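S.K.: I'd like to ask some things about the structure below.
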Amino acid sequence: MTSPAIAPATDPSPSTAARPRTESVHRRNARRTGSRYLWLFIVPAAAFYVFVVLIPSMQGVFFSFTDWNGLSADWSFVGIDNFVRLFEDPVSIKAIGNTFLYAILSTVFENLFGLLVALALHSRIKSRNVLRVLFFMPVVLLSVVIAYLWQYLFQVNNGAITQLLHAIGLADANPNWLGDPNLVVFSISVIVIWQFTGYTMVIYLAGLQGVPQEQLEAAAIDGAGPVQRFWYVVRPLLAPAITVNIMLSLIRGFMIFDQIWVTTGGGPADTSHSLSTLVYRTAFQFGELGRGTAIAVVLAVIVGILGFIQYRGLLRGGAK
Amino acid sequence: MNRYSWRTGTLEGVMIVIALIFMIPVYVLINLSVRQQSDLSSPLAPTANPTLDNFGAAWAQSGLGQAMVNSALITVISVGLLVVLGAACAYGLARATARWSPPAFYLFMIGLLVPFQLGLVPLYRNFAAMGLLGTVVPLVIIYVGLRLPFTLFLYTTFLRQIPAEYEEAASIDGAGTFARFRRVVFPLLRPITGTVIILNGLFVWNDFLTPLLYLSGSVNRTVPLAVYSFVNENTTVWPLVFSALIISVIPVLLAFFVFQKTLIQGFASGVKG
């Protein structure tokens, strides 16, 4: 928001000189084209936004303090009961832990793999364009399709993944990828990582465009190896792409729904739920809307804190 | 560093191998879809007597044709509204000098922080009270409202980089506020409009949770929902299921391969902010 003013020193007009030095291009544009009818441009969009986001979100916060089941006309305030129950119920405690696990696992590996692939494809190899398309392809596939495909690949006994383990010499391995409570969250995370590695890759590739070849060559002449060149030359210039990628991955991870709902429905024995799938199950399958929205409030607080950090970063970036 | 050395060759070889491993799921998907339903050999073994019969059966039974029409309709209307309303609103926000303008912008940006799940249940009740469940109307309204903050963010930041001189020139030529927007500003927004269309289009086309909630059991299914119901009815008939999965992604894959350069660029420039 504080882009430096382009204050021409030779401008003789006193009004320009009096203008604060920090006035942005945006404000100058705004003042020049200001019109009394501009609010008319905002009203239609605002109507959708208020109806879909603002009002229901406030209602959501309100109902999280009630025992409404969504059908009956009478309901009563129960104070923070829904929240107390939420932190006492092993299923929802597990779901909170899982949500963090999904978010952290997917963020770390999507970004690690995405960055490595981007670095490898930001080279002179001849197949780089074809490979870029291949790695990006899962991003445009339907989440539902990807989830079913992996559900099949993860089948017990002779599923494709298990067979691959056998092929590399682990003859006795037969993990129950989606049926073992200790394994299921990791298996579902693999699906998400496969799906979104290409997403982080394209953002890293776009960031790498901004790294000047001359600097890399100069560093190489000075004797810097590939790792040093990455750390001292590429990494600082890639910082904005890293920030954006990590934030997008985290928020995607915290909101995860499709991949869980399709492959396990939250099972086995409610061990793979995220907060999103638990909201859906509690509110729409069990008809406990008060409790469901309380879970949503917890999710909102987590994502809100994260989003706030990202939002400040984005606004700062956008104001440049 | 500028020539194709043996190290580049090694890197190329390694990356091709990694890409092939990465593509194994897609190979299995295609491999199984062309298999006889009685063929129970390993999913990794190439299919011996390939057939395309599964595709015909899947197409006939899954209702994916109708679902694609519905999805296309919902996507086009939602994204169209987002482009028009989003661009107009961003113009108002970026050019207004009144005191309400910055708070209004921040109020919209709060939408980037609020997860959809928070308002999910109440919104559902509101639409139920209006008798709109089972129709595509709530979906369009939801997608527009839900994606507006992000759309506005893209448009507003882009608009603030555009100098006002163009509009001033039009203004001197006698164009009013609306004409300036329609003839000057909107065409200038074209590059970012591409990104807005791509990101919102993919979101709407891919969305599963909203149709699951609003269209389950109705005839107006979208593609993800049609896939979901079809697979649930045929869980063990994998060749049939996989044919349906392939059919469901063909439209977007075709678009992707035709426009991949623009698409990937639009993606990267959009999320870079």
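By order in the structure tokens, chains are A, B, ...; within a chain, residues start at 1; ligands start at 1, following the order shown.
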Return as a tab-separated table (two decimals) with N, CA and C atoms, in the first residue's frame the full set of residues in segment 68-221 of chain A whose backbone-based DSSP assignment is alpha helix (DSSP H).

M.R.:
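File written: out-v2.tsv
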chain	number	residue	atom	x	y	z
A	81	ASP	N	-21.75	-25.47	24.69
A	81	ASP	CA	-21.84	-26.94	24.78
A	81	ASP	C	-21.29	-27.67	23.56
A	82	ASN	N	-21.66	-27.16	22.36
A	82	ASN	CA	-21.21	-27.82	21.14
A	82	ASN	C	-19.69	-27.85	21.07
A	83	PHE	N	-19.07	-26.76	21.51
A	83	PHE	CA	-17.61	-26.69	21.44
A	83	PHE	C	-16.97	-27.60	22.50
A	84	VAL	N	-17.60	-27.64	23.69
A	84	VAL	CA	-17.08	-28.52	24.74
A	84	VAL	C	-17.14	-29.96	24.27
A	85	ARG	N	-18.31	-30.35	23.70
A	85	ARG	CA	-18.46	-31.73	23.22
A	85	ARG	C	-17.45	-32.04	22.12
A	86	LEU	N	-17.21	-31.03	21.28
A	86	LEU	CA	-16.28	-31.21	20.17
A	86	LEU	C	-14.88	-31.56	20.68
A	87	PHE	N	-14.48	-30.90	21.78
A	87	PHE	CA	-13.12	-31.16	22.29
A	87	PHE	C	-13.10	-32.34	23.25
A	88	GLU	N	-14.28	-32.97	23.50
A	88	GLU	CA	-14.30	-34.17	24.31
A	88	GLU	C	-14.46	-35.43	23.46
A	90	PRO	N	-13.68	-38.13	20.87
A	90	PRO	CA	-12.45	-38.61	20.23
A	90	PRO	C	-12.49	-38.48	18.71
A	91	VAL	N	-13.69	-38.61	18.10
A	91	VAL	CA	-13.77	-38.52	16.64
A	91	VAL	C	-13.37	-37.13	16.16
A	92	SER	N	-13.91	-36.09	16.83
A	92	SER	CA	-13.58	-34.75	16.34
A	92	SER	C	-12.15	-34.35	16.72
A	93	ILE	N	-11.66	-34.86	17.86
A	93	ILE	CA	-10.26	-34.57	18.20
A	93	ILE	C	-9.35	-35.19	17.15
A	94	LYS	N	-9.68	-36.44	16.77
A	94	LYS	CA	-8.92	-37.11	15.72
A	94	LYS	C	-8.99	-36.31	14.41
A	95	ALA	N	-10.20	-35.79	14.10
A	95	ALA	CA	-10.38	-35.04	12.85
A	95	ALA	C	-9.54	-33.77	12.85
A	96	ILE	N	-9.43	-33.11	14.01
A	96	ILE	CA	-8.61	-31.90	14.08
A	96	ILE	C	-7.15	-32.27	13.82
A	97	GLY	N	-6.68	-33.33	14.49
A	97	GLY	CA	-5.31	-33.78	14.27
A	97	GLY	C	-5.07	-34.16	12.82
A	98	ASN	N	-6.03	-34.92	12.23
A	98	ASN	CA	-5.91	-35.31	10.83
A	98	ASN	C	-5.82	-34.11	9.91
A	99	THR	N	-6.67	-33.09	10.19
A	99	THR	CA	-6.70	-31.92	9.33
A	99	THR	C	-5.32	-31.27	9.27
A	100	PHE	N	-4.68	-31.14	10.43
A	100	PHE	CA	-3.32	-30.59	10.45
A	100	PHE	C	-2.35	-31.51	9.70
A	101	LEU	N	-2.53	-32.83	9.90
A	101	LEU	CA	-1.64	-33.78	9.24
A	101	LEU	C	-1.78	-33.71	7.72
A	102	TYR	N	-3.03	-33.70	7.24
A	102	TYR	CA	-3.27	-33.56	5.79
A	102	TYR	C	-2.60	-32.29	5.28
A	103	ALA	N	-2.82	-31.19	5.99
A	103	ALA	CA	-2.33	-29.90	5.52
A	103	ALA	C	-0.80	-29.90	5.49
A	104	ILE	N	-0.18	-30.39	6.55
A	104	ILE	CA	1.28	-30.31	6.63
A	104	ILE	C	1.94	-31.28	5.65
A	105	LEU	N	1.43	-32.53	5.62
A	105	LEU	CA	2.02	-33.50	4.69
A	105	LEU	C	1.91	-33.02	3.25
A	106	SER	N	0.70	-32.59	2.85
A	106	SER	CA	0.53	-32.20	1.46
A	106	SER	C	1.37	-30.96	1.16
A	107	THR	N	1.43	-30.01	2.09
A	107	THR	CA	2.20	-28.79	1.83
A	107	THR	C	3.69	-29.10	1.66
A	108	VAL	N	4.24	-29.90	2.57
A	108	VAL	CA	5.68	-30.19	2.50
A	108	VAL	C	6.02	-30.90	1.20
A	109	PHE	N	5.26	-31.96	0.87
A	109	PHE	CA	5.67	-32.76	-0.28
A	109	PHE	C	5.27	-32.16	-1.62
A	110	GLU	N	4.10	-31.51	-1.69
A	110	GLU	CA	3.75	-30.82	-2.94
A	110	GLU	C	4.83	-29.81	-3.29
A	111	ASN	N	5.30	-29.09	-2.28
A	111	ASN	CA	6.26	-28.03	-2.55
A	111	ASN	C	7.66	-28.57	-2.81
A	112	LEU	N	8.05	-29.60	-2.05
A	112	LEU	CA	9.36	-30.21	-2.27
A	112	LEU	C	9.44	-30.78	-3.69
A	113	PHE	N	8.46	-31.63	-4.04
A	113	PHE	CA	8.47	-32.25	-5.36
A	113	PHE	C	8.27	-31.20	-6.46
A	114	GLY	N	7.32	-30.29	-6.24
A	114	GLY	CA	7.04	-29.27	-7.25
A	114	GLY	C	8.27	-28.43	-7.54
A	115	LEU	N	9.00	-28.07	-6.48
A	115	LEU	CA	10.21	-27.25	-6.66
A	115	LEU	C	11.30	-28.04	-7.38
A	116	LEU	N	11.50	-29.29	-6.98
A	116	LEU	CA	12.54	-30.10	-7.63
A	116	LEU	C	12.23	-30.30	-9.11
A	117	VAL	N	10.97	-30.62	-9.42
A	117	VAL	CA	10.59	-30.82	-10.82
A	117	VAL	C	10.77	-29.52	-11.59
A	118	ALA	N	10.36	-28.40	-10.99
A	118	ALA	CA	10.49	-27.11	-11.67
A	118	ALA	C	11.95	-26.79	-11.95
A	119	LEU	N	12.82	-27.03	-10.97
A	119	LEU	CA	14.25	-26.77	-11.17
A	119	LEU	C	14.79	-27.64	-12.29
A	120	ALA	N	14.37	-28.91	-12.33
A	120	ALA	CA	14.86	-29.83	-13.36
A	120	ALA	C	14.35	-29.42	-14.74
A	121	LEU	N	13.10	-28.94	-14.80
A	121	LEU	CA	12.53	-28.58	-16.10
A	121	LEU	C	12.92	-27.17	-16.53
A	128	ARG	N	11.36	-30.73	-22.02
A	128	ARG	CA	10.81	-29.97	-20.89
A	128	ARG	C	9.34	-29.58	-21.07
A	129	ASN	N	8.95	-29.21	-22.31
A	129	ASN	CA	7.56	-28.79	-22.49
A	129	ASN	C	6.58	-29.94	-22.35
A	130	VAL	N	6.95	-31.10	-22.90
A	130	VAL	CA	6.09	-32.28	-22.79
A	130	VAL	C	5.97	-32.69	-21.32
A	131	LEU	N	7.10	-32.71	-20.63
A	131	LEU	CA	7.09	-33.14	-19.22
A	131	LEU	C	6.28	-32.18	-18.37
A	132	ARG	N	6.40	-30.89	-18.69
A	132	ARG	CA	5.64	-29.89	-17.93
A	132	ARG	C	4.14	-30.17	-18.05
A	133	VAL	N	3.69	-30.49	-19.27
A	133	VAL	CA	2.28	-30.79	-19.48
A	133	VAL	C	1.87	-32.04	-18.71
A	134	LEU	N	2.74	-33.08	-18.73
A	134	LEU	CA	2.42	-34.32	-18.03
A	134	LEU	C	2.29	-34.09	-16.53
A	135	PHE	N	3.25	-33.37	-15.96
A	135	PHE	CA	3.20	-33.17	-14.50
A	135	PHE	C	2.02	-32.28	-14.10
A	136	PHE	N	1.59	-31.40	-15.01
A	136	PHE	CA	0.50	-30.50	-14.67
A	136	PHE	C	-0.87	-31.17	-14.86
A	137	MET	N	-0.92	-32.21	-15.69
A	137	MET	CA	-2.20	-32.79	-16.10
A	137	MET	C	-3.15	-33.13	-14.93
A	138	PRO	N	-2.68	-33.76	-13.85
A	138	PRO	CA	-3.62	-34.11	-12.77
A	138	PRO	C	-4.40	-32.91	-12.23
A	139	VAL	N	-3.83	-31.70	-12.34
A	139	VAL	CA	-4.50	-30.51	-11.80
A	139	VAL	C	-5.84	-30.27	-12.49
A	140	VAL	N	-5.93	-30.62	-13.79
A	140	VAL	CA	-7.18	-30.34	-14.50
A	140	VAL	C	-8.15	-31.52	-14.44
A	143	SER	N	-11.29	-34.03	-9.12
A	143	SER	CA	-10.85	-34.63	-7.85
A	143	SER	C	-11.52	-35.98	-7.64
A	144	VAL	N	-12.81	-36.04	-7.98
A	144	VAL	CA	-13.57	-37.27	-7.78
A	144	VAL	C	-12.97	-38.41	-8.59
A	145	VAL	N	-12.59	-38.12	-9.83
A	145	VAL	CA	-11.99	-39.14	-10.70
A	145	VAL	C	-10.66	-39.59	-10.13
A	146	ILE	N	-9.84	-38.64	-9.72
A	146	ILE	CA	-8.53	-38.98	-9.15
A	146	ILE	C	-8.70	-39.84	-7.91
A	147	ALA	N	-9.67	-39.50	-7.09
A	147	ALA	CA	-9.88	-40.26	-5.85
A	147	ALA	C	-10.29	-41.70	-6.15
A	148	TYR	N	-11.20	-41.89	-7.11
A	148	TYR	CA	-11.61	-43.26	-7.45
A	148	TYR	C	-10.45	-44.05	-8.04
A	149	LEU	N	-9.68	-43.40	-8.90
A	149	LEU	CA	-8.53	-44.07	-9.51
A	149	LEU	C	-7.58	-44.58	-8.44
A	150	TRP	N	-7.28	-43.71	-7.47
A	150	TRP	CA	-6.34	-44.11	-6.41
A	150	TRP	C	-6.95	-45.11	-5.46
A	151	GLN	N	-8.25	-45.04	-5.26
A	151	GLN	CA	-8.89	-46.05	-4.43
A	151	GLN	C	-8.64	-47.44	-5.02
A	152	TYR	N	-8.71	-47.50	-6.34
A	152	TYR	CA	-8.43	-48.76	-7.02
A	152	TYR	C	-6.96	-49.14	-6.89
A	153	LEU	N	-6.07	-48.17	-7.10
A	153	LEU	CA	-4.63	-48.46	-7.03
A	153	LEU	C	-4.24	-48.94	-5.63
A	160	ALA	N	-2.50	-52.24	-7.53
A	160	ALA	CA	-1.36	-51.85	-8.35
A	160	ALA	C	-0.18	-51.36	-7.52
A	161	ILE	N	-0.44	-50.57	-6.49
A	161	ILE	CA	0.66	-50.03	-5.68
A	161	ILE	C	1.38	-51.16	-4.94
A	162	THR	N	0.58	-52.09	-4.38
A	162	THR	CA	1.17	-53.22	-3.67
A	162	THR	C	2.02	-54.06	-4.64
A	163	GLN	N	1.52	-54.26	-5.86
A	163	GLN	CA	2.29	-55.01	-6.85
A	163	GLN	C	3.61	-54.32	-7.18
A	164	LEU	N	3.57	-52.98	-7.22
A	164	LEU	CA	4.81	-52.24	-7.48
A	164	LEU	C	5.80	-52.47	-6.34
A	165	LEU	N	5.29	-52.53	-5.11
A	165	LEU	CA	6.18	-52.83	-3.97
A	165	LEU	C	6.81	-54.21	-4.14
A	166	HIS	N	5.97	-55.15	-4.58
A	166	HIS	CA	6.50	-56.50	-4.81
A	166	HIS	C	7.58	-56.47	-5.88
A	167	ALA	N	7.34	-55.69	-6.94
A	167	ALA	CA	8.28	-55.64	-8.06
A	167	ALA	C	9.64	-55.11	-7.63
A	184	VAL	N	-4.16	-44.71	6.78
A	184	VAL	CA	-5.11	-44.13	5.83
A	184	VAL	C	-4.85	-42.64	5.56
A	185	VAL	N	-4.47	-41.88	6.59
A	185	VAL	CA	-4.25	-40.45	6.38
A	185	VAL	C	-3.06	-40.23	5.44
A	186	PHE	N	-2.05	-41.08	5.58
A	186	PHE	CA	-0.87	-40.94	4.71
A	186	PHE	C	-1.22	-41.33	3.28
A	187	SER	N	-2.02	-42.39	3.13
A	187	SER	CA	-2.41	-42.82	1.78
A	187	SER	C	-3.20	-41.72	1.08
A	188	ILE	N	-4.15	-41.12	1.78
A	188	ILE	CA	-4.96	-40.06	1.16
A	188	ILE	C	-4.07	-38.85	0.84
A	189	SER	N	-3.10	-38.59	1.71
A	189	SER	CA	-2.18	-37.48	1.43
A	189	SER	C	-1.40	-37.72	0.14
A	190	VAL	N	-1.04	-38.98	-0.12
A	190	VAL	CA	-0.33	-39.31	-1.36
A	190	VAL	C	-1.17	-38.89	-2.56
A	191	ILE	N	-2.47	-39.15	-2.49
A	191	ILE	CA	-3.37	-38.78	-3.60
A	191	ILE	C	-3.29	-37.28	-3.83
A	192	VAL	N	-3.41	-36.51	-2.75
A	192	VAL	CA	-3.43	-35.05	-2.87
A	192	VAL	C	-2.09	-34.54	-3.41
A	193	ILE	N	-1.00	-35.15	-2.93
A	193	ILE	CA	0.32	-34.72	-3.39
A	193	ILE	C	0.48	-34.99	-4.88
A	194	TRP	N	0.04	-36.17	-5.33
A	194	TRP	CA	0.11	-36.50	-6.76
A	194	TRP	C	-0.71	-35.48	-7.57
A	195	GLN	N	-1.87	-35.12	-7.03
A	195	GLN	CA	-2.77	-34.23	-7.75
A	195	GLN	C	-2.21	-32.82	-7.89
A	196	PHE	N	-1.53	-32.31	-6.86
A	196	PHE	CA	-1.19	-30.89	-6.86
A	196	PHE	C	0.29	-30.55	-7.02
A	197	THR	N	1.15	-31.58	-7.20
A	197	THR	CA	2.56	-31.27	-7.43
A	197	THR	C	2.73	-30.39	-8.68
A	198	GLY	N	1.93	-30.68	-9.71
A	198	GLY	CA	2.01	-29.89	-10.94
A	198	GLY	C	1.58	-28.45	-10.72
A	199	TYR	N	0.70	-28.23	-9.79
A	199	TYR	CA	0.20	-26.89	-9.46
A	199	TYR	C	1.34	-26.04	-8.88
A	200	THR	N	2.03	-26.60	-7.87
A	200	THR	CA	3.14	-25.84	-7.31
A	200	THR	C	4.24	-25.69	-8.35
A	201	MET	N	4.42	-26.74	-9.19
A	201	MET	CA	5.46	-26.68	-10.22
A	201	MET	C	5.32	-25.47	-11.14
A	202	VAL	N	4.08	-25.21	-11.64
A	202	VAL	CA	3.95	-24.10	-12.59
A	202	VAL	C	4.22	-22.76	-11.92
A	203	ILE	N	3.87	-22.66	-10.63
A	203	ILE	CA	4.14	-21.38	-9.95
A	203	ILE	C	5.65	-21.22	-9.74
A	204	TYR	N	6.32	-22.32	-9.39
A	204	TYR	CA	7.78	-22.24	-9.27
A	204	TYR	C	8.44	-21.95	-10.62
A	205	LEU	N	7.92	-22.57	-11.69
A	205	LEU	CA	8.49	-22.31	-13.02
A	205	LEU	C	8.33	-20.83	-13.38
A	206	ALA	N	7.15	-20.27	-13.07
A	206	ALA	CA	6.93	-18.85	-13.35
A	206	ALA	C	7.91	-18.01	-12.53
A	207	GLY	N	8.15	-18.41	-11.28
A	207	GLY	CA	9.09	-17.68	-10.44
A	207	GLY	C	10.52	-17.77	-10.97
A	208	LEU	N	10.87	-18.95	-11.52
A	208	LEU	CA	12.23	-19.15	-12.02
A	208	LEU	C	12.53	-18.30	-13.24
A	213	GLN	N	19.93	-15.45	-15.86
A	213	GLN	CA	20.98	-16.42	-16.21
A	213	GLN	C	22.37	-15.89	-15.86
A	214	GLU	N	22.57	-14.56	-16.07
A	214	GLU	CA	23.91	-14.00	-15.87
A	214	GLU	C	24.38	-14.21	-14.43
A	215	GLN	N	23.41	-14.02	-13.49
A	215	GLN	CA	23.78	-14.18	-12.08
A	215	GLN	C	24.21	-15.61	-11.79
A	216	LEU	N	23.47	-16.56	-12.38
A	216	LEU	CA	23.78	-17.97	-12.17
A	216	LEU	C	25.15	-18.29	-12.75
A	217	GLU	N	25.41	-17.74	-13.95
A	217	GLU	CA	26.70	-18.00	-14.59
A	217	GLU	C	27.83	-17.38	-13.79
A	218	ALA	N	27.60	-16.15	-13.32
A	218	ALA	CA	28.63	-15.48	-12.51
A	218	ALA	C	28.93	-16.30	-11.27
A	219	ALA	N	27.88	-16.82	-10.63
A	219	ALA	CA	28.07	-17.64	-9.43
A	219	ALA	C	28.83	-18.91	-9.78
A	220	ALA	N	28.52	-19.50	-10.94
A	220	ALA	CA	29.21	-20.73	-11.35
A	220	ALA	C	30.68	-20.44	-11.58
A	221	ILE	N	30.99	-19.31	-12.24
A	221	ILE	CA	32.39	-18.95	-12.49
A	221	ILE	C	33.13	-18.75	-11.17

S.K.: Need to verify the contact set: Thr156 of chain B, 12 Å, only C-alpha atoms, exclusion of same-chain residues closer than 6 positions in sequence. Can you return it as a PyMOL selection string?

M.R.: (chain A and resi 26+315+318-319) or (chain B and resi 86-96+102+105-106+108-109+148-150+162+185+189+192-193+196+273)

S.K.: Return the neighbours of chain B among the residues of chain A, cut-off 7 Å, counting only C-alpha atoms, as a ChimeraX atom specification.

M.R.: /A:26,29-31,33-35,38-39,41-42,44-45,48-49,52-53,56-57,59-60,124-125,131,140-145,149,160,202-203,206,241,244,258,276,289,293,296-297,300,303-304,307-308,314,318

S.K.: If we count only C-alpha atoms and set the cut-off at 10 Å, which residues sit around segment 216-219 of chain B, ignoring sequence neighbours fewer than 5 positions away in its own chain? Please answer as a ChimeraX atom specification.

M.R.: /B:63,66-67,70,133-135,210-211,225-226,229

S.K.: May I ask which of the residues A:Tyr280, A:Phe51, A:Pro212, A:Leu248 is the closest one to Ile260 of chain A, counting only C-alpha atoms?

M.R.: A:Tyr280

S.K.: Could you pull the residues within 10 Å of Ala48 of chain B, counting only C-alpha atoms, minus those fewer than 4 positions along the same chain, as JSON, numbers by chain?

M.R.: {"B": [31, 34, 35, 36, 39, 41]}

S.K.: To one decimal place in Å, what is the distance between atom CA of Phe257 of chain A and atom CA of Val279 of chain A?

M.R.: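 Spanning atom CA of Phe257 of chain A to atom CA of Val279 of chain A is a straight-line distance of 10.0 Å.
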
S.K.: One number please: atom CA of Ala47 of chain A to atom CA of Val69 of chain B, in Å, one decimal.

M.R.: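 Between these atoms lies a distance of 27.6 Å.
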
S.K.: So the first atom is atom CA of His273 of chain A and the second is atom CA of Arg252 of chain A; what is the distance between them in Å, to one decimal place?

M.R.: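 Straight-line distance from atom CA of His273 of chain A to atom CA of Arg252 of chain A works out to 15.2 Å.
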
S.K.: Please determine, counting only C-alpha atoms, which residue among A:Phe230, A:Asn158, A:Pro268, A:His122 has the shortest atom-to-atom distance to Gln209 of chain A.

M.R.: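 Of the candidates, the smallest distance to Gln209 of chain A is held by A:His122.
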